[in-house]
Structure formats: C-alpha cells, structure tokens
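*Asks:* Have a peek at work.txt (compact mmCIF, C-alpha atoms).
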```
# COMPACT_ATOMS: atom_id res chain seq x y z
CA MET F 109 17.36 -0.62 12.37
CA ILE F 110 13.90 0.93 12.65
CA SER F 111 13.03 3.37 15.40
CA GLU F 112 9.68 3.75 17.12
CA GLN F 113 9.56 7.32 15.83
CA GLU F 114 9.88 6.14 12.22
CA ILE F 115 6.87 3.85 12.75
CA VAL F 116 4.90 6.67 14.39
CA ASP F 117 5.74 9.07 11.54
CA ALA F 118 4.80 6.53 8.85
CA THR F 119 1.48 5.71 10.53
CA GLN F 120 0.69 9.38 11.08
CA GLU F 121 1.41 10.23 7.43
CA ILE F 122 -0.91 7.47 6.17
CA PHE F 123 -3.75 8.61 8.42
CA ASP F 124 -3.21 12.28 7.53
CA SER F 125 -2.96 11.89 3.77
CA MET F 126 -5.10 8.88 2.85
CA ILE F 127 -7.35 7.74 5.69
CA MET F 128 -8.18 11.32 6.68
CA ALA F 129 -8.81 10.47 10.32
CA PRO F 130 -7.07 11.52 13.53
CA VAL F 131 -4.66 9.07 15.12
CA GLN F 132 -2.59 9.40 18.28
CA ALA F 133 0.48 7.30 19.08
CA GLN F 134 0.75 5.86 22.60
CA ALA F 135 3.66 4.46 24.58
CA PRO F 136 5.07 1.22 23.13
CA LEU F 137 3.96 -2.02 24.76
CA GLN F 138 6.55 -3.61 27.03
CA LYS F 139 4.92 -7.04 27.07
CA LYS F 140 4.48 -9.05 23.90
CA ILE F 141 0.91 -9.76 22.86
CA THR F 142 0.62 -13.01 20.95
CA TYR F 143 -3.06 -13.90 21.37
CA PHE F 144 -5.73 -11.88 19.63
CA ASP F 145 -9.48 -12.09 20.23
CA LYS F 146 -12.12 -10.92 17.69
CA THR F 147 -9.36 -9.13 15.83
CA VAL F 148 -8.42 -8.40 12.24
CA SER F 149 -4.67 -8.67 11.62
CA SER F 150 -3.01 -7.79 8.33
CA VAL F 151 0.58 -8.88 7.91
CA VAL F 152 3.30 -8.15 5.35
CA GLY F 153 6.42 -10.33 5.33
CA LEU F 154 9.94 -8.90 5.03
CA ALA F 155 12.88 -10.71 3.43
CA GLY F 156 16.43 -9.88 2.39
CA ASP F 157 18.99 -8.48 4.81
CA PHE F 158 16.27 -8.72 7.47
CA GLN F 159 13.51 -11.24 7.93
CA GLY F 160 10.35 -10.38 9.77
CA LEU F 161 6.98 -8.79 9.43
CA VAL F 162 4.93 -5.64 9.66
CA GLY F 163 1.52 -6.24 11.21
CA VAL F 164 -1.57 -4.20 11.98
CA HIS F 165 -3.89 -5.65 14.64
CA ALA F 166 -7.30 -4.05 15.13
CA GLY F 167 -10.36 -5.23 17.04
CA GLU F 168 -13.39 -5.71 14.83
CA ASP F 169 -14.95 -2.33 15.73
CA VAL F 170 -11.70 -0.46 15.15
CA ALA F 171 -11.07 -2.30 11.88
CA ARG F 172 -14.55 -1.30 10.67
CA GLY F 173 -13.83 2.28 11.75
CA ILE F 174 -10.50 2.47 9.91
CA ALA F 175 -12.01 0.98 6.76
CA GLY F 176 -14.97 3.36 7.06
CA SER F 177 -12.67 6.39 7.18
CA PHE F 178 -10.53 5.01 4.36
CA LEU F 179 -13.47 4.31 2.03
CA GLU F 180 -15.97 6.89 3.32
CA SER F 181 -18.48 4.12 4.02
CA ASP F 182 -20.14 2.48 7.01
CA PHE F 183 -19.41 -1.18 7.60
CA GLU F 184 -21.71 -3.17 9.85
CA GLU F 185 -19.52 -6.26 9.78
CA VAL F 186 -15.96 -7.27 9.00
CA ASN F 187 -16.30 -8.07 5.31
CA GLU F 188 -13.77 -8.37 2.48
CA GLU F 189 -13.60 -4.58 2.04
CA VAL F 190 -12.69 -4.09 5.71
CA LYS F 191 -9.99 -6.76 5.45
CA ASP F 192 -8.68 -5.24 2.21
CA ALA F 193 -8.45 -1.79 3.82
CA LEU F 194 -6.43 -3.22 6.74
CA CYS F 195 -4.16 -4.99 4.23
CA GLU F 196 -3.56 -1.72 2.42
CA LEU F 197 -2.68 0.01 5.70
CA ALA F 198 -0.13 -2.74 6.50
CA ASN F 199 1.16 -2.60 2.92
CA MET F 200 1.81 1.14 3.08
CA LEU F 201 3.48 0.82 6.49
CA ALA F 202 5.71 -1.97 5.18
CA GLY F 203 6.56 0.19 2.17
CA SER F 204 7.59 3.06 4.45
CA ILE F 205 9.74 0.72 6.57
CA LYS F 206 11.31 -0.74 3.45
CA THR F 207 12.09 2.79 2.26
CA SER F 208 13.70 3.65 5.62
CA LEU F 209 15.85 0.50 5.51
CA THR F 210 16.77 1.05 1.86
CA GLN F 211 17.93 4.57 2.71
CA LYS F 212 20.20 2.96 5.31
CA GLU F 213 21.63 0.84 2.46
CA TYR F 214 19.91 -2.40 3.47
CA ASN F 215 18.32 -4.68 0.91
CA VAL F 216 14.74 -5.62 1.85
CA GLN F 217 11.82 -7.08 -0.09
CA ILE F 218 8.20 -7.02 1.05
CA SER F 219 5.49 -9.59 0.41
CA ILE F 220 1.89 -9.11 -0.67
CA PRO F 221 -0.21 -8.58 2.50
CA SER F 222 -2.30 -11.32 4.05
CA VAL F 223 -5.11 -11.07 6.57
CA ILE F 224 -6.40 -13.10 9.52
CA HIS F 225 -9.73 -12.54 11.27
CA GLY F 226 -11.08 -14.08 14.45
CA ASP F 227 -9.34 -15.51 17.53
CA TYR F 228 -5.74 -16.61 17.00
CA SER F 229 -2.16 -16.68 18.24
CA MET F 230 0.77 -15.23 16.34
CA ILE F 231 4.38 -16.36 16.66
CA ILE F 232 7.15 -13.94 17.48
CA TYR F 233 10.58 -14.73 16.06
CA SER F 234 12.63 -15.66 19.12
CA GLN F 235 15.61 -13.49 18.24
CA ALA F 236 13.80 -10.70 16.47
CA GLU F 237 13.90 -7.04 17.36
CA TRP F 238 10.32 -6.43 18.36
CA ILE F 239 8.21 -3.26 18.53
CA MET F 240 4.47 -3.06 19.22
CA LEU F 241 3.00 0.43 19.18
CA PRO F 242 -0.60 1.27 20.09
CA PHE F 243 -2.44 4.03 18.24
CA GLU F 244 -5.72 5.59 19.37
CA THR F 245 -8.43 6.40 16.80
CA ASP F 246 -12.00 7.67 17.11
CA THR F 247 -13.22 4.07 17.30
CA GLY F 248 -10.55 2.71 19.64
CA ARG F 249 -7.02 1.38 19.74
CA PHE F 250 -5.11 -0.63 17.17
CA LEU F 251 -1.56 -1.99 17.25
CA VAL F 252 1.27 -1.70 14.77
CA GLU F 253 3.84 -4.46 15.14
CA VAL F 254 7.28 -4.71 13.57
CA GLN F 255 9.56 -7.73 13.94
CA LEU F 256 13.01 -7.69 12.35
CA LYS F 257 15.61 -10.40 12.59
CA GLY F 258 19.01 -10.60 10.95
CA ASN F 259 22.25 -8.75 10.65
CA PRO F 260 23.59 -7.95 7.20
CA SER F 261 27.16 -7.77 8.54
CA GLU F 262 27.03 -11.37 9.78
CA MET Q 27 -13.74 16.11 -23.54
CA GLY Q 28 -12.97 13.91 -20.55
CA LYS Q 29 -10.34 11.22 -20.54
CA SER Q 30 -10.51 7.48 -20.03
CA VAL Q 31 -8.38 5.93 -17.31
CA LEU Q 32 -7.42 2.34 -16.50
CA ILE Q 33 -6.54 1.59 -12.86
CA VAL Q 34 -4.60 -1.64 -12.28
CA ASP Q 35 -4.37 -2.59 -8.59
CA ASP Q 36 -5.17 -5.79 -6.70
CA SER Q 37 -6.57 -3.83 -3.75
CA LYS Q 38 -10.18 -2.74 -4.09
CA THR Q 39 -9.47 -0.16 -1.40
CA MET Q 40 -6.66 1.38 -3.43
CA ARG Q 41 -8.73 1.36 -6.62
CA LYS Q 42 -11.41 3.34 -4.78
CA ILE Q 43 -8.87 5.72 -3.22
CA ILE Q 44 -7.14 6.31 -6.56
CA THR Q 45 -10.51 6.98 -8.24
CA LYS Q 46 -11.50 9.45 -5.50
CA THR Q 47 -8.11 11.18 -5.56
CA LEU Q 48 -8.11 11.38 -9.35
CA ARG Q 49 -11.46 13.19 -9.25
CA GLN Q 50 -10.11 15.58 -6.58
CA THR Q 51 -7.30 16.66 -8.91
CA GLY Q 52 -9.76 18.25 -11.34
CA TYR Q 53 -8.48 15.97 -14.12
CA GLU Q 54 -11.51 15.56 -16.38
CA VAL Q 55 -12.40 11.90 -16.43
CA ASP Q 56 -15.22 10.37 -18.48
CA SER Q 57 -14.61 6.74 -17.70
CA ILE Q 58 -12.57 4.70 -15.26
CA THR Q 59 -11.99 1.00 -15.75
CA GLU Q 60 -10.51 -1.22 -13.06
CA ALA Q 61 -8.30 -4.29 -13.36
CA GLU Q 62 -7.09 -6.49 -10.48
CA ASP Q 63 -3.70 -7.42 -11.93
CA GLY Q 64 -1.47 -6.93 -14.94
CA GLN Q 65 -3.06 -9.70 -16.96
CA GLN Q 66 -6.56 -8.27 -16.49
CA GLY Q 67 -5.13 -4.89 -17.47
CA LEU Q 68 -3.66 -6.33 -20.69
CA ASP Q 69 -6.95 -8.09 -21.46
CA HIS Q 70 -8.77 -4.77 -21.14
CA LEU Q 71 -6.25 -3.04 -23.41
CA GLN Q 72 -7.09 -5.48 -26.19
CA LYS Q 73 -10.61 -4.02 -26.19
CA GLU Q 74 -10.01 -0.36 -25.32
CA LYS Q 75 -7.06 1.99 -25.17
CA PRO Q 76 -7.31 4.52 -22.33
CA ASP Q 77 -5.70 7.96 -22.23
CA LEU Q 78 -3.90 7.12 -18.99
CA ILE Q 79 -2.99 4.04 -16.94
CA LEU Q 80 -2.41 4.11 -13.16
CA CYS Q 81 -0.76 0.88 -12.05
CA ASP Q 82 0.40 -0.74 -8.81
CA ILE Q 83 3.69 -2.69 -8.74
CA ASN Q 84 3.17 -5.45 -6.14
CA MET Q 85 0.31 -7.60 -7.43
CA PRO Q 86 -0.32 -11.34 -7.65
CA ASN Q 87 -0.52 -13.17 -11.02
CA MET Q 88 1.14 -10.44 -13.12
CA ASP Q 89 2.87 -7.60 -11.27
CA GLY Q 90 3.28 -4.03 -12.46
CA ILE Q 91 6.84 -4.56 -13.72
CA GLU Q 92 5.81 -7.41 -16.03
CA PHE Q 93 2.75 -5.38 -17.13
CA LEU Q 94 5.05 -2.49 -18.10
CA LYS Q 95 7.38 -4.86 -19.99
CA GLN Q 96 4.45 -6.24 -21.99
CA LEU Q 97 3.20 -2.72 -22.75
CA SER Q 98 6.57 -1.42 -23.89
CA SER Q 99 7.00 -4.36 -26.26
CA ASP Q 100 3.64 -3.75 -27.96
CA GLY Q 101 3.77 -1.00 -30.56
CA SER Q 102 0.06 -0.24 -30.24
CA LEU Q 103 0.24 0.21 -26.44
CA LYS Q 104 3.66 1.64 -25.64
CA ASN Q 105 2.62 5.27 -26.12
CA ILE Q 106 -0.12 5.20 -23.48
CA PRO Q 107 1.21 7.13 -20.46
CA VAL Q 108 1.58 4.92 -17.38
CA LEU Q 109 1.96 6.22 -13.83
CA MET Q 110 3.12 3.63 -11.32
CA ILE Q 111 1.63 3.90 -7.84
CA THR Q 112 3.58 1.91 -5.33
CA THR Q 113 4.50 1.41 -1.70
CA GLU Q 114 8.10 1.38 -2.93
CA GLY Q 115 8.04 4.94 -4.28
CA GLY Q 116 10.85 5.96 -1.97
CA SER Q 117 13.25 3.49 -3.53
CA ASP Q 118 15.44 5.07 -6.22
CA ASP Q 119 16.03 1.64 -7.78
CA VAL Q 120 12.31 1.08 -8.31
CA VAL Q 121 11.79 4.62 -9.66
CA GLN Q 122 14.64 4.11 -12.15
CA GLN Q 123 13.47 0.62 -13.11
CA VAL Q 124 9.95 1.75 -14.02
CA ARG Q 125 11.36 4.78 -15.88
CA ASP Q 126 13.63 2.48 -17.89
CA LEU Q 127 10.61 0.35 -18.74
CA GLY Q 128 8.77 3.36 -20.13
CA ALA Q 129 6.61 4.56 -17.23
CA ALA Q 130 5.86 8.28 -17.37
CA GLY Q 131 6.34 8.59 -13.62
CA SER Q 132 5.85 6.99 -10.23
CA LEU Q 133 4.07 7.96 -7.08
CA GLY Q 134 4.78 6.52 -3.65
CA LYS Q 135 1.98 5.59 -1.28
CA PRO Q 136 0.72 7.30 0.80
CA PHE Q 137 0.01 10.23 -1.51
CA THR Q 138 -2.23 13.28 -1.68
CA ALA Q 139 -4.34 14.74 -4.50
CA ASP Q 140 -1.74 17.52 -4.85
CA LYS Q 141 1.04 15.01 -5.45
CA LEU Q 142 -1.03 13.14 -8.04
CA GLN Q 143 -1.99 16.39 -9.75
CA GLU Q 144 1.66 17.45 -9.96
CA LEU Q 145 2.49 14.16 -11.63
CA LEU Q 146 -0.44 14.39 -14.04
CA GLU Q 147 0.63 17.88 -15.10
CA GLY Q 148 4.03 16.53 -16.01
CA VAL Q 149 2.54 13.76 -18.10
CA LEU Q 150 -0.41 15.32 -19.91
```
Would you write out, as structure tokens, the structure that this file holds?

*Replies:*
Amino acid sequence: MISEQEIVDATQEIFDSMIMAPVQAQAPLQKKITYFDKTVSSVVGLAGDFQGLVGVHAGEDVARGIAGSFLESDFEEVNEEVKDALCELANMLAGSIKTSLTQKEYNVQISIPSVIHGDYSMIIYSQAEWIMLPFETDTGRFLVEVQLKGNPSE
Amino acid sequence: MGKSVLIVDDSKTMRKIITKTLRQTGYEVDSITEAEDGQQGLDHLQKEKPDLILCDINMPNMDGIEFLKQLSSDGSLKNIPVLMITTEGGSDDVVQQVRDLGAAGSLGKPFTADKLQELLEGVL
C-alpha cells in the first residue's frame, strides 16, 4: 500500500522545501513503540478504503527544533506554535500519503490534524499494516508512524 | 503599487510560511490579512476586497470548498483571483473541483517559492 521509501521521500521533500533543515532517514523500527514520554505527537486520521493514521512523534527538544526551523524562531518551551508546526508536518505527510494512495486508485480521506503533548500511550490497530521510521535532525530524532488497515477488494 | 492579499488557513504556521514565501517571490505586497477559516475570510471580504486570496482547503468551521462556493455566488467577490493551497494538490479530483468552483489555480503542499511564483505569473 505505502512503502517505507514513499514515506522517506515525502518527509525529505517537506524538510527540503519548507522546513529548510537537514533530515536523515534511519532504519525502520522493528518493535512497536506505544508509550511516549515528554513528547509532542501530531496525528492525522485516514478514512475510506483504508482506515488508520499518520503520526509524527517528537521529543520536546526536537519538536522545538523542528518548529524553530519551520518558523525561523527560537522556542524555549512547547507552546501552541510548536504544536501547530508539528500538526502541519503531519498534515503534509498525510497529504503526500493520500496522493500516493489516490494514484494507486484508492479512495482515502484525511482528517484535520490533532496534537497530544506530555506522557501518553497510543493504540495500534491490531490488524493494521504498521511502519515507524526514525529521522535524525540537528536537534535529535523524531518518528514518523503510518498505520493502515483495510482492503478495498474485500 | 503593491497588492493586498488575504490568506485563509487554520494553521498559524502555514499562514507564516505562505507570507514568507509570497515575499520571496518578489510579488509586490503592501498588505497581508489573515483569516483562520472560510467564515472569517468572508467576514473580512465584507470590509475589504484584496487583489489576491490564498486559501487552504481542509479547515474547521468553513472549509476552502465552501468558501469558494460562497465567493463564486457573490457577484462582487467572484472576480477576485483565488489560489488554493492544499495538502491534496496531487489529487486530480481536487484540482478539477476547485477549478470548477472558480479558483484560478491550486498549489500542493509542500511547495517552494518558485512554484508559487509560477502560479502567480499565470494568474496576475
């Protein structure tokens, strides 16, 4: 449905063209992470032929760093602007994934992004195809997560 | 003389990025007004008519599609050029839908100043 390379390419393009900061993809995680500590997560829901989500999980320092590059500002704390920047990153990634799926003739809708900050657990759909890719930035590592469940031919 | 621009996007980050990118294109801008959704955009248009509108599609309250519909049905507003900026720019259906509703063009996110400039040249 969606390959790791498509996620890497989409993330790279966003950092190259809009965030203007270097980013380096790392090997995909083999073990699911469901608990996040002092993290900002932005999540966009997917519906239609597939159900699932696109998520970006960044520790507070990395989230501030990404928002700082995005907005050419320094952020001393995780405020609404930092959360909004992470939401926009997830939104653009979800848009790219939707475009990839649409080009494969699937029908997918995306939700408006939402954000969580603090210590929390996130559920993984039990039968979902699951990818979690780490990316290294100047301020540290963040994760891009994609969960997709469903089969349009069913 | 510089132009006036209305940016309609629920994301403060995107409003800032669009403003910055617009200035990088060399497009002469005197004033930029921001609205957080379609309804706020329409409210602003009752007071002032900009030379150009840049509008997101996915927004709470009133989305960009409904905003375009309202604009195209108002004789005093329908001639203002509108560029849609959207995460769904790669979808032909969305591109055609906004064209049918009167948008002058659409730009998929992520985008560069060059891409925006190319679109502006086609509109202005």

*Asks:* Using only C-alpha atoms for the distances, tell me which of F:Phe250, F:Trp238, F:Phe123, F:Phe144 is nearest to chain Q.

*Replies:* F:Phe123

*Asks:* Report as a short mmCIF file (atom, residue, chain, number, x, y, z; two decimals) with C-alpha atoms, keeping the file's coordinate frame all protein, DNA and RNA residues lying within 12 Å of Glu112 (chain F), evaluated on only C-alpha atoms, omitting residues in the same chain fewer than 2 positions from it.

*Replies:*
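Below is the file selection19.cif, written as the result:
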```cif
data_model
loop_
_atom_site.label_atom_id
_atom_site.label_comp_id
_atom_site.auth_asym_id
_atom_site.auth_seq_id
_atom_site.Cartn_x
_atom_site.Cartn_y
_atom_site.Cartn_z
CA MET F 109 17.36 -0.62 12.37
CA ILE F 110 13.90 0.93 12.65
CA GLU F 114 9.88 6.14 12.22
CA ILE F 115 6.87 3.85 12.75
CA VAL F 116 4.90 6.67 14.39
CA ASP F 117 5.74 9.07 11.54
CA ALA F 118 4.80 6.53 8.85
CA THR F 119 1.48 5.71 10.53
CA ALA F 133 0.48 7.30 19.08
CA GLN F 134 0.75 5.86 22.60
CA ALA F 135 3.66 4.46 24.58
CA PRO F 136 5.07 1.22 23.13
CA LEU F 137 3.96 -2.02 24.76
CA ILE F 205 9.74 0.72 6.57
CA GLU F 237 13.90 -7.04 17.36
CA TRP F 238 10.32 -6.43 18.36
CA ILE F 239 8.21 -3.26 18.53
CA MET F 240 4.47 -3.06 19.22
CA LEU F 241 3.00 0.43 19.18
CA PRO F 242 -0.60 1.27 20.09
CA VAL F 252 1.27 -1.70 14.77
CA GLU F 253 3.84 -4.46 15.14
CA VAL F 254 7.28 -4.71 13.57
CA GLN F 255 9.56 -7.73 13.94
#
```

*Asks:* Using all atoms listed in the file, I'd like a table of the residues in chain F that come within 7 Å of chain Q; for each, show the closest atom pair and its distance in Å rounded to one decimal, ordered by chain and ascending number, as a tab-separated table.

*Replies:*
```
residue	atom	partner	partner_atom	distance
F:Ile122	CA	Q:Pro136	CA	5.6
F:Ser125	CA	Q:Thr138	CA	5.7
F:Met126	CA	Q:Pro136	CA	6.4
F:Leu179	CA	Q:Thr39	CA	6.9
F:Glu189	CA	Q:Thr39	CA	7.0
F:Asp192	CA	Q:Thr39	CA	6.3
F:Ala193	CA	Q:Thr39	CA	5.6
F:Asn199	CA	Q:Thr113	CA	7.0
F:Met200	CA	Q:Thr113	CA	5.5
F:Gly203	CA	Q:Thr113	CA	4.6
F:Thr207	CA	Q:Gly116	CA	5.4
F:Thr210	CA	Q:Ser117	CA	6.9
F:Ile220	CA	Q:Asn84	CA	6.7
```

*Asks:* Take the residues from that selection and write them out as a PDB file, in the coordinates of the input, keeping C-alpha atoms.

*Replies:*
```
ATOM      1  CA  ILE F 122      -0.910   7.470   6.170  1.00  0.00           C
ATOM      2  CA  SER F 125      -2.960  11.890   3.770  1.00  0.00           C
ATOM      3  CA  MET F 126      -5.100   8.880   2.850  1.00  0.00           C
ATOM      4  CA  LEU F 179     -13.470   4.310   2.030  1.00  0.00           C
ATOM      5  CA  GLU F 189     -13.600  -4.580   2.040  1.00  0.00           C
ATOM      6  CA  ASP F 192      -8.680  -5.240   2.210  1.00  0.00           C
ATOM      7  CA  ALA F 193      -8.450  -1.790   3.820  1.00  0.00           C
ATOM      8  CA  ASN F 199       1.160  -2.600   2.920  1.00  0.00           C
ATOM      9  CA  MET F 200       1.810   1.140   3.080  1.00  0.00           C
ATOM     10  CA  GLY F 203       6.560   0.190   2.170  1.00  0.00           C
ATOM     11  CA  THR F 207      12.090   2.790   2.260  1.00  0.00           C
ATOM     12  CA  THR F 210      16.770   1.050   1.860  1.00  0.00           C
ATOM     13  CA  ILE F 220       1.890  -9.110  -0.670  1.00  0.00           C
TER      14      ILE F 220
END
```

*Asks:* Leaving out Ala129 (chain F) and any residue of its chain fewer than 2 positions from it, which residues lie within 10 Å of it when counting all atoms listed in the file, given as a PDB file with C-alpha atoms, in the coordinates of the input?

*Replies:*
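Contents of the output file result_29.pdb:
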```
ATOM      1  CA  GLN F 120       0.690   9.380  11.080  1.00  0.00           C
ATOM      2  CA  ILE F 122      -0.910   7.470   6.170  1.00  0.00           C
ATOM      3  CA  PHE F 123      -3.750   8.610   8.420  1.00  0.00           C
ATOM      4  CA  ASP F 124      -3.210  12.280   7.530  1.00  0.00           C
ATOM      5  CA  SER F 125      -2.960  11.890   3.770  1.00  0.00           C
ATOM      6  CA  MET F 126      -5.100   8.880   2.850  1.00  0.00           C
ATOM      7  CA  ILE F 127      -7.350   7.740   5.690  1.00  0.00           C
ATOM      8  CA  VAL F 131      -4.660   9.070  15.120  1.00  0.00           C
ATOM      9  CA  GLY F 173     -13.830   2.280  11.750  1.00  0.00           C
ATOM     10  CA  ILE F 174     -10.500   2.470   9.910  1.00  0.00           C
ATOM     11  CA  GLY F 176     -14.970   3.360   7.060  1.00  0.00           C
ATOM     12  CA  SER F 177     -12.670   6.390   7.180  1.00  0.00           C
ATOM     13  CA  PHE F 178     -10.530   5.010   4.360  1.00  0.00           C
ATOM     14  CA  THR F 245      -8.430   6.400  16.800  1.00  0.00           C
ATOM     15  CA  ASP F 246     -12.000   7.670  17.110  1.00  0.00           C
TER      16      ASP F 246
END
```

*Asks:* Please indicate the distance in Å from CA of Leu197 (chain F) to CA of Met128 (chain F), rounded to one decimal place.

*Replies:*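 These two atoms are separated by 12.6 Å.
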